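A.B. asks: Next comes the structure file target_35.txt, holding compact mmCIF, C-alpha atoms.
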```txt
# COMPACT_ATOMS: atom_id res chain seq x y z
CA MET A 1299 107.35 116.37 160.55
CA PRO A 1300 109.95 117.47 158.04
CA ALA A 1301 110.14 115.22 155.00
CA ASP A 1302 112.89 112.59 154.93
CA ARG A 1303 115.46 113.17 152.25
CA PRO A 1304 115.47 112.24 149.48
CA ASP A 1305 111.80 113.28 149.52
CA ALA A 1306 109.09 111.88 147.25
CA LEU A 1307 109.94 114.16 144.33
CA GLU A 1308 113.64 113.38 144.66
CA LEU A 1309 112.95 109.64 144.75
CA ILE A 1310 110.81 109.81 141.64
CA GLU A 1311 113.48 111.80 139.90
CA ALA A 1312 116.17 109.30 140.89
CA ALA A 1313 114.17 106.38 139.49
CA ALA A 1314 113.39 108.27 136.27
CA GLU A 1315 117.02 109.23 135.80
CA HIS A 1316 118.11 105.64 136.35
CA LEU A 1317 115.62 104.30 133.80
CA ALA A 1318 116.57 106.86 131.17
CA THR A 1319 120.34 106.90 131.57
CA ARG A 1320 121.16 103.38 132.86
CA SER A 1321 118.37 100.93 132.02
CA ARG A 1322 117.57 102.26 128.59
CA PRO A 1323 121.06 101.93 127.06
CA ALA A 1324 121.50 98.49 128.68
CA LEU A 1325 118.32 97.19 127.07
CA SER A 1326 117.59 96.58 123.43
CA GLY A 1327 114.65 96.88 121.08
CA HIS A 1328 111.22 97.35 122.53
CA ALA A 1329 112.36 96.96 126.14
CA SER A 1330 114.66 99.95 125.70
CA PHE A 1331 111.78 102.00 124.31
CA GLU A 1332 109.61 100.97 127.25
CA ALA A 1333 112.29 102.06 129.72
CA LEU A 1334 112.17 105.53 128.19
CA ILE A 1335 108.39 105.59 128.47
CA ALA A 1336 108.61 104.47 132.09
CA ALA A 1337 111.02 107.35 132.80
CA ASN A 1338 108.60 109.76 131.13
CA LEU A 1339 105.73 108.46 133.23
CA LEU A 1340 107.69 109.11 136.40
CA MET A 1341 108.42 112.66 135.31
CA ILE A 1342 104.71 113.22 134.66
CA ALA A 1343 104.02 112.04 138.20
CA HIS A 1344 106.77 114.36 139.42
CA ARG A 1345 105.23 117.39 137.72
CA GLU A 1346 101.76 116.42 138.87
CA LEU A 1347 102.87 116.38 142.51
CA GLU A 1348 104.39 119.82 142.04
CA LEU A 1349 101.68 121.50 139.99
CA ALA A 1350 98.31 119.80 140.20
CA GLN A 1351 96.99 121.10 143.50
CA PRO A 1352 97.01 124.81 142.74
CA ALA A 1353 95.84 124.08 139.19
CA ARG A 1354 92.81 122.17 140.46
CA ALA A 1355 91.96 124.94 142.91
CA ALA A 1356 92.13 127.50 140.11
CA GLU A 1357 90.03 125.28 137.85
CA ARG A 1358 87.36 125.00 140.52
CA GLU A 1359 87.29 128.76 141.04
CA ARG A 1360 86.90 129.41 137.32
CA LEU A 1361 84.09 126.87 137.10
CA GLN A 1362 82.27 128.41 140.05
CA ALA A 1363 82.43 131.80 138.40
CA LEU A 1364 81.43 130.43 134.99
CA LEU A 1365 78.49 128.38 136.27
CA GLY A 1366 77.46 130.67 139.12
CA ARG A 1367 77.31 127.90 141.72
CA ASN A 1368 79.42 126.00 144.23
CA GLY A 1369 80.35 122.35 144.30
CA SER A 1370 83.16 119.85 144.15
CA LEU A 1371 85.35 119.85 141.07
CA ASP A 1372 83.61 116.72 139.73
CA GLU A 1373 80.14 118.17 140.33
CA LEU A 1374 81.06 121.40 138.60
CA GLU A 1375 82.60 119.55 135.68
CA ASP A 1376 79.48 117.39 135.31
CA GLN A 1377 77.39 120.55 135.27
CA LEU A 1378 79.65 122.13 132.66
CA VAL A 1379 79.39 119.06 130.44
CA ALA A 1380 75.60 119.01 130.80
CA ARG A 1381 75.42 122.63 129.65
CA ILE A 1382 77.79 121.97 126.75
CA ARG A 1383 75.78 118.95 125.64
CA ALA A 1384 72.57 120.96 125.86
CA GLY A 1385 74.13 123.55 123.56
CA ASP A 1386 73.82 126.09 126.33
CA LEU A 1387 77.52 126.87 126.22
CA GLY A 1388 79.51 126.67 122.98
CA PRO A 1389 82.70 127.74 121.22
CA GLY A 1390 81.25 131.27 120.91
CA ASP A 1391 81.38 131.79 124.68
CA ARG A 1392 84.60 133.51 125.48
CA ARG A 1393 84.51 132.71 129.17
CA LEU A 1394 84.01 129.03 128.41
CA MET A 1395 86.86 128.96 125.93
CA ASP A 1396 89.18 130.86 128.29
CA HIS A 1397 88.39 128.37 131.03
CA LEU A 1398 88.98 125.34 128.81
CA ARG A 1399 92.22 126.76 127.44
CA ALA A 1400 93.53 127.48 130.94
CA THR A 1401 92.55 123.99 132.11
CA VAL A 1402 94.13 122.25 129.14
CA ARG A 1403 97.31 124.29 129.48
CA ASP A 1404 97.60 123.46 133.16
CA ARG A 1405 97.23 119.76 132.38
CA LEU A 1406 99.76 119.91 129.56
CA ARG A 1407 102.23 121.53 131.91
CA VAL A 1408 102.03 118.20 133.73
CA SER A 1409 101.66 115.65 130.94
CA ASN A 1410 103.72 117.14 128.12
CA PRO A 1411 104.94 120.75 128.52
CA GLY A 1412 106.73 120.52 125.18
CA TYR A 1413 103.43 120.22 123.35
CA MET A 1414 102.31 123.83 123.97
CA MET B 131 105.81 86.10 130.36
CA ALA B 132 106.32 82.98 128.26
CA THR B 133 107.14 84.93 125.15
CA ALA B 134 109.70 82.43 123.88
CA SER B 135 107.31 79.45 124.05
CA VAL B 136 104.58 81.52 122.37
CA GLU B 137 107.00 82.22 119.55
CA ILE B 138 108.04 78.58 119.19
CA ALA B 139 104.39 77.51 119.01
CA LEU B 140 103.74 80.22 116.46
CA GLU B 141 106.77 79.18 114.40
CA ASP B 142 105.52 75.59 114.26
CA ALA B 143 102.03 76.64 113.21
CA LEU B 144 103.47 79.02 110.61
CA ALA B 145 105.75 76.38 109.09
CA GLN B 146 102.72 74.11 108.61
CA ALA B 147 100.62 76.94 107.22
CA LEU B 148 103.24 77.73 104.60
CA VAL B 149 103.58 74.19 103.21
CA PRO B 150 100.72 74.41 100.67
CA GLU B 151 102.34 77.51 99.17
CA TRP B 152 106.07 76.82 99.51
CA GLY B 153 106.17 73.01 99.70
CA GLU B 154 107.50 70.51 102.24
CA GLY B 155 110.71 71.45 103.99
CA VAL B 156 109.83 75.13 104.21
CA ARG B 157 111.52 76.92 107.13
CA ILE B 158 111.07 80.19 108.99
CA GLU B 159 113.79 82.53 110.19
CA GLY B 160 113.93 85.72 112.20
CA LEU B 161 110.38 85.68 113.53
CA GLU B 162 109.78 89.04 115.17
CA ARG B 163 106.74 90.88 116.39
CA LEU B 164 106.60 94.34 114.89
CA THR B 165 105.67 97.17 117.23
CA GLY B 166 102.83 99.54 116.58
CA GLY B 167 99.31 98.37 115.88
CA ALA B 168 97.55 97.98 119.19
CA SER B 169 94.55 96.02 117.96
CA ARG B 170 96.17 93.56 115.55
CA GLU B 171 99.36 91.56 115.74
CA THR B 172 101.85 91.88 112.96
CA TRP B 173 104.73 89.41 112.72
CA ALA B 174 107.65 89.63 110.33
CA PHE B 175 109.81 86.68 109.25
CA ASP B 176 111.69 85.17 106.34
CA VAL B 177 110.43 82.07 104.59
CA LEU B 178 113.12 79.72 103.26
CA ASP B 179 111.97 77.14 100.76
CA ARG B 180 113.73 73.81 100.34
CA GLY B 181 115.92 75.24 97.61
CA GLY B 182 117.15 77.89 100.09
CA ARG B 183 115.35 80.78 98.47
CA ARG B 184 114.32 83.50 100.88
CA TYR B 185 111.01 85.40 100.91
CA PRO B 186 110.30 88.31 103.29
CA VAL B 187 106.81 87.83 104.73
CA VAL B 188 104.44 89.49 107.20
CA LEU B 189 101.62 87.81 109.09
CA ARG B 190 98.76 90.00 110.12
CA ARG B 191 96.26 88.59 112.57
CA ASP B 192 93.76 89.50 115.24
CA PHE B 193 95.40 90.26 118.53
CA ALA B 194 95.64 86.89 120.28
CA ALA B 195 95.04 88.29 123.77
CA ARG B 196 91.68 89.59 122.64
CA ALA B 197 90.50 86.47 120.88
CA GLY B 198 87.01 85.74 122.09
CA GLY B 199 86.64 88.99 124.02
CA GLU B 200 84.95 91.71 122.04
CA VAL B 201 86.29 95.17 122.65
CA PRO B 202 83.26 97.44 122.56
CA TRP B 203 84.74 100.32 120.57
CA GLU B 204 86.64 98.29 117.99
CA GLU B 205 84.95 98.46 114.67
CA GLY B 206 86.59 97.28 111.54
CA ILE B 207 86.63 94.64 108.88
CA ASP B 208 87.73 91.05 109.46
CA ARG B 209 91.04 89.68 108.16
CA ALA B 210 89.39 87.78 105.28
CA THR B 211 87.83 91.00 103.98
CA GLU B 212 91.09 92.86 104.55
CA LEU B 213 92.96 90.30 102.45
CA GLU B 214 90.44 90.58 99.66
CA LEU B 215 90.52 94.38 99.82
CA GLN B 216 94.31 94.39 99.71
CA ARG B 217 94.15 92.19 96.61
CA ALA B 218 91.82 94.64 94.90
CA LEU B 219 94.05 97.58 95.89
CA HIS B 220 97.19 95.85 94.70
CA THR B 221 95.59 95.05 91.36
CA ALA B 222 94.46 98.67 91.04
CA GLY B 223 98.00 99.94 91.54
CA VAL B 224 97.56 101.44 95.02
CA PRO B 225 100.87 101.11 96.90
CA VAL B 226 100.16 98.26 99.34
CA PRO B 227 102.21 95.20 100.32
CA ARG B 228 101.48 92.36 97.89
CA PRO B 229 98.92 90.16 99.62
CA LEU B 230 99.64 86.42 99.64
CA PHE B 231 97.03 84.10 101.14
CA ALA B 232 95.12 83.13 104.29
CA PRO B 233 96.28 79.89 105.96
CA ASP B 234 94.13 76.85 106.62
CA PRO B 235 91.86 77.90 109.51
CA HIS B 236 92.34 74.50 111.21
CA LEU B 237 95.97 75.31 112.05
CA GLY B 238 94.97 77.46 114.99
CA LEU B 239 96.59 80.66 113.80
CA GLY B 240 93.32 82.53 114.23
CA SER B 241 91.95 85.06 111.82
CA CYS B 242 94.94 86.15 109.74
CA PHE B 243 96.67 86.39 106.37
CA PHE B 244 100.14 86.64 104.85
CA MET B 245 101.58 89.39 102.72
CA GLU B 246 104.98 90.29 101.33
CA ARG B 247 107.14 92.34 103.62
CA VAL B 248 107.96 95.79 102.29
CA GLU B 249 111.34 97.03 103.51
CA GLY B 250 111.70 100.67 104.44
CA GLU B 251 111.20 103.28 107.11
CA SER B 252 107.84 103.12 108.84
CA ARG B 253 108.61 104.67 112.23
CA PRO B 254 106.45 107.79 112.27
CA ARG B 255 108.75 109.88 114.43
CA ALA B 256 111.70 109.19 112.14
CA LEU B 257 109.66 109.91 109.01
CA ALA B 258 108.48 113.21 110.46
CA ARG B 259 111.70 114.43 112.03
CA LYS B 260 114.92 112.81 110.84
CA GLU B 261 116.92 115.44 109.05
CA GLU B 262 118.49 112.93 106.65
CA LEU B 263 114.99 112.09 105.43
CA ALA B 264 114.14 115.59 104.17
CA ASP B 265 114.46 114.56 100.51
CA LEU B 266 112.40 111.47 101.15
CA ARG B 267 109.64 113.60 102.70
CA ALA B 268 109.66 115.92 99.70
CA ARG B 269 109.18 112.96 97.37
CA MET B 270 106.62 111.35 99.61
CA LEU B 271 104.19 114.25 99.99
CA PRO B 272 102.78 114.36 96.44
CA GLN B 273 102.77 110.55 96.43
CA LEU B 274 100.43 110.63 99.43
CA GLY B 275 98.06 112.87 97.47
CA THR B 276 98.24 110.60 94.44
CA ALA B 277 97.68 107.44 96.51
CA LEU B 278 94.66 109.01 98.18
CA ALA B 279 93.16 110.09 94.86
CA ARG B 280 93.58 106.56 93.53
CA ILE B 281 92.07 104.95 96.65
CA HIS B 282 89.10 107.30 96.51
CA SER B 283 88.52 106.72 92.81
CA LEU B 284 88.00 102.94 93.06
CA ASP B 285 84.59 101.65 92.13
CA PRO B 286 83.02 100.28 95.36
CA ASP B 287 81.43 97.51 93.27
CA SER B 288 84.92 96.19 92.49
CA LEU B 289 85.72 95.79 96.20
CA PRO B 290 84.66 93.24 98.83
CA PRO B 291 81.63 94.32 100.86
CA LEU B 292 82.65 97.11 103.23
CA PRO B 293 80.66 98.92 105.90
CA THR B 294 79.28 102.30 104.91
CA SER B 295 80.19 104.84 107.54
CA PRO B 296 78.94 108.36 106.84
CA ALA B 297 79.63 111.27 109.15
CA LYS B 298 76.49 110.78 111.18
CA SER B 299 77.24 107.20 112.16
CA GLN B 300 80.83 108.14 112.99
CA LEU B 301 79.58 110.76 115.41
CA GLU B 302 77.49 108.03 117.04
CA VAL B 303 80.64 105.92 117.40
CA CYS B 304 82.39 108.91 119.02
CA ARG B 305 79.45 109.30 121.41
CA ARG B 306 79.63 105.64 122.43
CA MET B 307 83.39 105.84 122.94
CA LEU B 308 83.14 108.98 125.08
CA ASP B 309 80.46 107.31 127.20
CA LEU B 310 82.82 104.43 128.01
CA ALA B 311 85.35 106.72 129.68
CA PRO B 312 85.20 107.04 133.47
CA ARG B 313 84.87 110.84 133.47
CA PRO B 314 83.44 113.18 130.82
CA ARG B 315 85.92 115.47 129.05
CA PRO B 316 84.44 118.94 128.48
CA VAL B 317 86.59 119.71 125.41
CA LEU B 318 85.74 116.43 123.67
CA GLU B 319 82.05 117.04 124.47
CA LEU B 320 82.26 120.57 123.09
CA ALA B 321 83.86 119.36 119.89
CA LEU B 322 81.30 116.59 119.37
CA ARG B 323 78.48 119.03 119.94
CA TRP B 324 80.07 121.40 117.40
CA LEU B 325 80.12 118.66 114.77
CA ALA B 326 76.42 117.83 115.20
CA GLY B 327 74.51 119.52 112.40
CA ARG B 328 77.69 120.19 110.41
CA GLU B 329 77.86 116.76 108.76
CA PRO B 330 79.00 117.17 105.17
CA GLU B 331 76.52 116.33 102.42
CA LEU B 332 78.06 114.02 99.88
CA SER B 333 77.44 115.03 96.31
CA ARG B 334 78.12 111.53 95.04
CA ARG B 335 78.04 107.99 96.37
CA ALA B 336 80.23 106.97 99.27
CA GLN B 337 83.80 106.12 98.26
CA LEU B 338 86.49 103.83 99.65
CA VAL B 339 88.13 105.49 102.66
CA HIS B 340 91.24 104.03 104.36
CA GLY B 341 89.99 105.19 107.76
CA ASP B 342 93.40 105.34 109.48
CA PHE B 343 95.47 107.20 106.89
CA ARG B 344 98.29 108.72 108.92
CA ASN B 345 102.01 108.79 109.45
CA GLY B 346 102.44 105.46 111.23
CA ASN B 347 100.73 103.45 108.51
CA PHE B 348 103.20 104.37 105.76
CA ILE B 349 106.33 102.56 104.64
CA ALA B 350 108.83 104.69 102.75
CA GLY B 351 111.92 103.76 100.76
CA PRO B 352 114.47 105.77 98.77
CA GLU B 353 111.86 106.47 96.08
CA GLY B 354 109.31 107.72 98.61
CA LEU B 355 106.03 106.09 99.57
CA GLU B 356 106.31 102.32 99.15
CA ALA B 357 103.18 101.11 100.89
CA VAL B 358 100.09 102.12 102.83
CA VAL B 359 99.28 99.49 105.46
CA ASP B 360 96.63 98.65 108.08
CA TRP B 361 93.38 98.58 106.15
CA GLU B 362 91.28 97.30 109.02
CA TYR B 363 89.26 100.50 109.31
CA ALA B 364 88.50 100.73 105.59
CA HIS B 365 84.90 101.70 104.86
CA LEU B 366 82.78 103.58 102.36
CA GLY B 367 82.28 107.22 103.19
CA ASP B 368 83.49 110.77 102.59
CA PRO B 369 86.96 110.71 100.95
CA LEU B 370 87.93 113.93 102.71
CA GLU B 371 87.82 111.98 105.97
CA ASP B 372 91.24 110.55 105.04
CA ILE B 373 92.63 114.03 104.38
CA GLY B 374 91.32 115.54 107.63
CA PHE B 375 92.67 112.59 109.59
CA LEU B 376 96.06 112.72 107.87
CA CYS B 377 96.46 116.41 108.79
CA MET B 378 95.90 116.01 112.54
CA ARG B 379 98.66 117.44 114.67
CA ALA B 380 98.95 114.14 116.57
CA TRP B 381 100.75 112.56 113.59
CA ARG B 382 103.32 115.34 113.16
CA PHE B 383 105.49 114.21 116.06
CA GLY B 384 106.73 117.71 116.74
CA ALA B 385 107.35 118.65 113.10
CA ASP B 386 104.51 121.15 113.38
CA ASP B 387 105.42 123.28 110.40
CA ARG B 388 104.74 120.27 108.15
CA GLU B 389 101.02 119.90 108.70
CA VAL B 390 100.61 116.72 106.66
CA GLY B 391 101.86 114.11 109.13
CA GLY B 392 105.14 115.95 109.63
CA VAL B 393 105.87 115.20 105.96
CA GLY B 394 104.94 118.41 104.17
CA ASP B 395 102.63 121.21 103.31
CA ARG B 396 98.84 120.99 103.18
CA GLU B 397 98.41 123.02 99.99
CA GLU B 398 100.87 120.79 98.17
CA LEU B 399 98.96 117.70 99.27
CA TYR B 400 95.67 119.20 98.06
CA ARG B 401 97.28 120.05 94.72
CA ALA B 402 98.72 116.58 94.22
CA TYR B 403 95.34 115.11 95.16
CA ALA B 404 93.49 117.24 92.60
CA ASP B 405 96.17 116.62 89.93
CA ALA B 406 95.66 112.89 90.36
CA GLY B 407 91.92 113.19 89.87
CA GLY B 408 90.75 113.78 93.44
CA GLU B 409 87.94 116.24 94.00
CA ALA B 410 88.65 119.87 94.90
CA VAL B 411 89.35 119.96 98.64
CA GLU B 412 86.88 121.99 100.68
CA PRO B 413 88.78 123.23 103.75
CA GLU B 414 85.67 123.31 105.95
CA ARG B 415 84.96 119.66 105.22
CA VAL B 416 88.56 118.77 106.00
CA ARG B 417 88.18 120.66 109.26
CA PHE B 418 85.05 118.67 110.11
CA TRP B 419 87.02 115.44 109.72
CA GLU B 420 90.04 116.80 111.53
CA VAL B 421 87.82 117.60 114.53
CA ALA B 422 86.12 114.20 114.31
CA GLY B 423 89.49 112.45 114.07
CA ASN B 424 90.75 114.26 117.14
CA ILE B 425 87.68 113.27 119.15
CA LYS B 426 88.09 109.66 118.08
CA TRP B 427 91.80 109.67 118.91
CA GLY B 428 91.21 111.41 122.25
CA ALA B 429 88.51 108.93 123.21
CA LEU B 430 90.72 106.06 122.11
CA CYS B 431 93.62 107.31 124.25
CA GLN B 432 91.34 107.13 127.28
CA LEU B 433 89.98 103.70 126.42
CA ARG B 434 93.40 102.22 125.74
CA ALA B 435 94.58 103.50 129.13
CA LEU B 436 91.57 101.78 130.71
CA GLU B 437 92.89 98.46 129.36
CA HIS B 438 95.88 99.05 131.60
CA ILE B 439 94.04 100.58 134.56
CA GLU B 440 91.46 97.81 134.68
CA GLY B 441 94.16 95.18 134.30
CA ARG B 442 93.20 93.58 130.98
CA GLN B 443 96.61 94.47 129.58
CA ARG B 444 99.23 96.01 131.84
CA SER B 445 101.72 98.15 129.92
CA VAL B 446 103.64 101.40 130.32
CA GLU B 447 102.71 102.32 126.77
CA LEU B 448 99.00 102.08 127.51
CA ALA B 449 99.48 104.00 130.75
CA ALA B 450 101.30 106.77 128.87
CA ILE B 451 98.70 107.04 126.13
CA GLY B 452 96.06 107.93 128.71
CA ARG B 453 97.70 111.29 129.29
CA ARG B 454 97.88 112.12 125.60
CA VAL B 455 94.19 112.99 125.53
CA THR B 456 95.10 116.49 126.76
CA GLU B 457 97.18 117.09 123.63
CA THR B 458 94.14 116.28 121.54
CA GLU B 459 92.13 118.74 123.60
CA LEU B 460 94.56 121.56 122.90
CA ASP B 461 94.38 120.77 119.18
CA LEU B 462 90.58 120.71 119.31
CA LEU B 463 90.38 124.10 121.02
CA GLU B 464 92.51 125.55 118.25
CA LEU B 465 90.37 123.96 115.56
CA LEU B 466 87.16 125.24 117.16
CA ASP B 467 88.63 128.68 117.71
CA ALA B 468 89.01 129.19 113.99
CA GLY B 469 85.40 130.46 113.97
```
Using the file provided, produce a representation of the structure as structure tokens.
C.D. replies:
Amino acid sequence: MPADRPDALELIEAAAEHLATRSRPALSGHASFEALIAANLLMIAHRELELAQPARAAERERLQALLGRNGSLDELEDQLVARIRAGDLGPGDRRLMDHLRATVRDRLRVSNPGYM
Amino acid sequence: MATASVEIALEDALAQALVPEWGEGVRIEGLERLTGGASRETWAFDVLDRGGRRYPVVLRRDFAARAGGEVPWEEGIDRATELELQRALHTAGVPVPRPLFAPDPHLGLGSCFFMERVEGESRPRALARKEELADLRARMLPQLGTALARIHSLDPDSLPPLPTSPAKSQLEVCRRMLDLAPRPRPVLELALRWLAGREPELSRRAQLVHGDFRNGNFIAGPEGLEAVVDWEYAHLGDPLEDIGFLCMRAWRFGADDREVGGVGDREELYRAYADAGGEAVEPERVRFWEVAGNIKWGALCQLRALEHIEGRQRSVELAAIGRRVTETELDLLELLDAG
């Protein structure tokens, strides 16, 4: 079934645009600030819908290679944290740091691309 | 939300609370809740005495919505201690708003106190970024170093009793906060593990530390730094904690070339600090506290978002803050990468 138009991303964008360009100037003080935040939240959701799936798949692949085992993303992450807490993996491990950097960058591309 | 009726009730209680100090017939004008400060409420208003004289005042009190419900990660001093501390600081010449008094507890205002309102710019993004404020920033930077040196030089025996919070116990707080989050965060775990065993040894007794010394808790006027506010996290500990915290990227608001809260240069801060009698700054110790501050802030971002997610306090601001933890993680990776 082809998606109805405007599709989900377009709807989110429309609402964000409305909040930022119409609601925000019509409001004052804290409410105006909150309208801007609400618009930003929608754009995070927009980017997440576009980007998160391939990023999560890549994260899982890196974790499987790093830990040498299979599992769901949550299981692998739990395992990674256990090994970090045990001191088994640390900032001196290049593969660990490469993985963490890639993961954090992928997430920032969603939450706040301007921060990188 | 019945905001208006809340404000009317507050106005009535305030007018009563002010009578012992300003006399019968005292009035309040322009009551307004100031933004910022997620754990305490701060209200600004003008007091008009019967003769028509006007006094700018701030009320600082425990967040009403949380009264009775303990928030597990909130540590900090109570308002009575904060008032007493602010008195000691004011007497010692540290730039703080002049503290006034705590109202009669029977008036139902909760745990709170009054202080004079300091006019000026306190919005952190404006202080860090506004081009017109470049001169102000230049004046403010050495004043931050001087204020810190003065805070850290106070004799703890001259202050109200404050909790002692050395590095080790702060790492325990971080651990508890991380454990409250729904999912573990590998970068925060890595950073906390890195800190373990690196706790700085203090060569002298623990000193007064502000505990939340950052752009966001400063009020600046034409002459520069006018006041340092929000002393709720004050404790005795390692003075360099304040410097590490102040230099976190999170408080630069995009003005990344000015490492000290978007205000100015790190070396200049260190120099002003030493010139005013502060100890020589050891960069590795600052780095320890910068890492610790980032973990704390990252954990706090997650916990604040939980307030929203779990429905205790629904707000777009709290929802947004949940996603800021990733920024902290990027900063931590860079701090850990430095060897």
A.B. asks: Between atom CA of A:Leu1387 and atom CA of B:Leu310, what is the spacing in Å?
C.D. replies: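 If I compute the distance from atom CA of B:Leu310 to atom CA of A:Leu1387, I get 23.1 Å.
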A.B. asks: Tell me which of A:Arg1393, A:Gly1366, A:Leu1307, A:Asp1302 sits closest to A:Glu1346, counting all atoms listed in the file.
C.D. replies: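 Result for the nearest residue to A:Glu1346: A:Leu1307.
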A.B. asks: Would you mind telling me which residue in A:Ser1330, A:Ser1370, A:Thr1319, A:Asn1338 lies nearest to chain B when using all atoms listed in the file?
C.D. replies: A:Asn1338
A.B. asks: Suppose you want the space between atom CA of A:Arg1399 and atom CA of B:Glu319; what is it in Å?
C.D. replies: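 Separation of atom CA of A:Arg1399 and atom CA of B:Glu319: 14.4 Å.
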A.B. asks: Given the choices A:Ala1301, A:Leu1349, A:Ala1306, A:Ala1318, which gets closest to A:Arg1403 if the distance is worked out from only C-alpha atoms?
C.D. replies: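 The answer is A:Leu1349, which sits nearest to A:Arg1403.
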A.B. asks: Fewer than 6 positions away in the same chain doesn't count, so skip those; otherwise give me all residues within 9 Å of stretch 377-390 of chain B, counting all atoms listed in the file, as a PDB file with C-alpha atoms, keeping the file's coordinate frame.
C.D. replies:
```pdb
ATOM      1  CA  GLY A1412     106.730 120.520 125.180  1.00  0.00           C
ATOM      2  CA  TYR A1413     103.430 120.220 123.350  1.00  0.00           C
TER       3      TYR A1413
ATOM      4  CA  PRO B 254     106.450 107.790 112.270  1.00  0.00           C
ATOM      5  CA  ARG B 255     108.750 109.880 114.430  1.00  0.00           C
ATOM      6  CA  ALA B 256     111.700 109.190 112.140  1.00  0.00           C
ATOM      7  CA  ALA B 258     108.480 113.210 110.460  1.00  0.00           C
ATOM      8  CA  ARG B 259     111.700 114.430 112.030  1.00  0.00           C
ATOM      9  CA  LEU B 271     104.190 114.250  99.990  1.00  0.00           C
ATOM     10  CA  ARG B 344      98.290 108.720 108.920  1.00  0.00           C
ATOM     11  CA  ASN B 345     102.010 108.790 109.450  1.00  0.00           C
ATOM     12  CA  GLY B 346     102.440 105.460 111.230  1.00  0.00           C
ATOM     13  CA  ARG B 396      98.840 120.990 103.180  1.00  0.00           C
ATOM     14  CA  LEU B 399      98.960 117.700  99.270  1.00  0.00           C
ATOM     15  CA  VAL B 416      88.560 118.770 106.000  1.00  0.00           C
ATOM     16  CA  GLU B 420      90.040 116.800 111.530  1.00  0.00           C
ATOM     17  CA  VAL B 421      87.820 117.600 114.530  1.00  0.00           C
ATOM     18  CA  GLY B 423      89.490 112.450 114.070  1.00  0.00           C
ATOM     19  CA  ASN B 424      90.750 114.260 117.140  1.00  0.00           C
ATOM     20  CA  TRP B 427      91.800 109.670 118.910  1.00  0.00           C
ATOM     21  CA  GLU B 457      97.180 117.090 123.630  1.00  0.00           C
ATOM     22  CA  THR B 458      94.140 116.280 121.540  1.00  0.00           C
ATOM     23  CA  ASP B 461      94.380 120.770 119.180  1.00  0.00           C
TER      24      ASP B 461
END
```
A.B. asks: Could you name the residues that touch stretch 147-154 of chain B at 9 Å or less, counting all atoms listed in the file, but leaving out those on the same chain fewer than 5 positions away, as a list of chain:residue names?
C.D. replies: B:Asp142, B:Val177, B:Leu178, B:Asp179, B:Arg180, B:Phe231, B:Ala232, B:Pro233, B:Asp234, B:Leu237, B:Leu239
A.B. asks: As number ranges by chain, could you give me every residue of chain B near chain A (at most 8 Å apart, counting all atoms listed in the file)?
C.D. replies: B: 165, 314-317, 319-320, 323-324, 384, 446-447, 450, 453-454, 456-457, 459-460, 463, 466-467
A.B. asks: May I ask for the distance between atom CA of B:Ala326 and atom CA of B:Leu301, given in Å to one decimal place?
C.D. replies: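 Interatomic distance, atom CA of B:Ala326 to atom CA of B:Leu301: 7.7 Å.
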A.B. asks: When you get a chance, write out N, CA, C and O atoms for stretch 454-461 of chain B, as a PDB file, in the coordinates of the input.
C.D. replies:
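Result went into selection_4.pdb, see below:
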```pdb
ATOM      1  N   ARG B 454      97.780 111.387 126.867  1.00  0.00           N
ATOM      2  CA  ARG B 454      97.880 112.120 125.600  1.00  0.00           C
ATOM      3  C   ARG B 454      96.576 112.777 125.208  1.00  0.00           C
ATOM      4  O   ARG B 454      96.526 113.613 124.304  1.00  0.00           O
ATOM      5  N   VAL B 455      95.487 112.405 125.879  1.00  0.00           N
ATOM      6  CA  VAL B 455      94.190 112.990 125.530  1.00  0.00           C
ATOM      7  C   VAL B 455      94.232 114.513 125.654  1.00  0.00           C
ATOM      8  O   VAL B 455      93.590 115.226 124.874  1.00  0.00           O
ATOM      9  N   THR B 456      95.032 115.033 126.572  1.00  0.00           N
ATOM     10  CA  THR B 456      95.100 116.490 126.760  1.00  0.00           C
ATOM     11  C   THR B 456      95.698 117.191 125.524  1.00  0.00           C
ATOM     12  O   THR B 456      95.323 118.316 125.202  1.00  0.00           O
ATOM     13  N   GLU B 457      96.612 116.509 124.859  1.00  0.00           N
ATOM     14  CA  GLU B 457      97.180 117.090 123.630  1.00  0.00           C
ATOM     15  C   GLU B 457      96.085 117.255 122.583  1.00  0.00           C
ATOM     16  O   GLU B 457      95.978 118.288 121.910  1.00  0.00           O
ATOM     17  N   THR B 458      95.263 116.229 122.465  1.00  0.00           N
ATOM     18  CA  THR B 458      94.140 116.280 121.540  1.00  0.00           C
ATOM     19  C   THR B 458      93.203 117.439 121.886  1.00  0.00           C
ATOM     20  O   THR B 458      92.675 118.108 121.006  1.00  0.00           O
ATOM     21  N   GLU B 459      93.028 117.662 123.181  1.00  0.00           N
ATOM     22  CA  GLU B 459      92.130 118.740 123.600  1.00  0.00           C
ATOM     23  C   GLU B 459      92.673 120.111 123.203  1.00  0.00           C
ATOM     24  O   GLU B 459      91.914 120.976 122.758  1.00  0.00           O
ATOM     25  N   LEU B 460      93.981 120.285 123.341  1.00  0.00           N
ATOM     26  CA  LEU B 460      94.560 121.560 122.900  1.00  0.00           C
ATOM     27  C   LEU B 460      94.336 121.755 121.403  1.00  0.00           C
ATOM     28  O   LEU B 460      93.944 122.833 120.946  1.00  0.00           O
ATOM     29  N   ASP B 461      94.564 120.687 120.637  1.00  0.00           N
ATOM     30  CA  ASP B 461      94.380 120.770 119.180  1.00  0.00           C
ATOM     31  C   ASP B 461      92.921 121.084 118.842  1.00  0.00           C
ATOM     32  O   ASP B 461      92.637 121.868 117.936  1.00  0.00           O
TER      33      ASP B 461
END
```
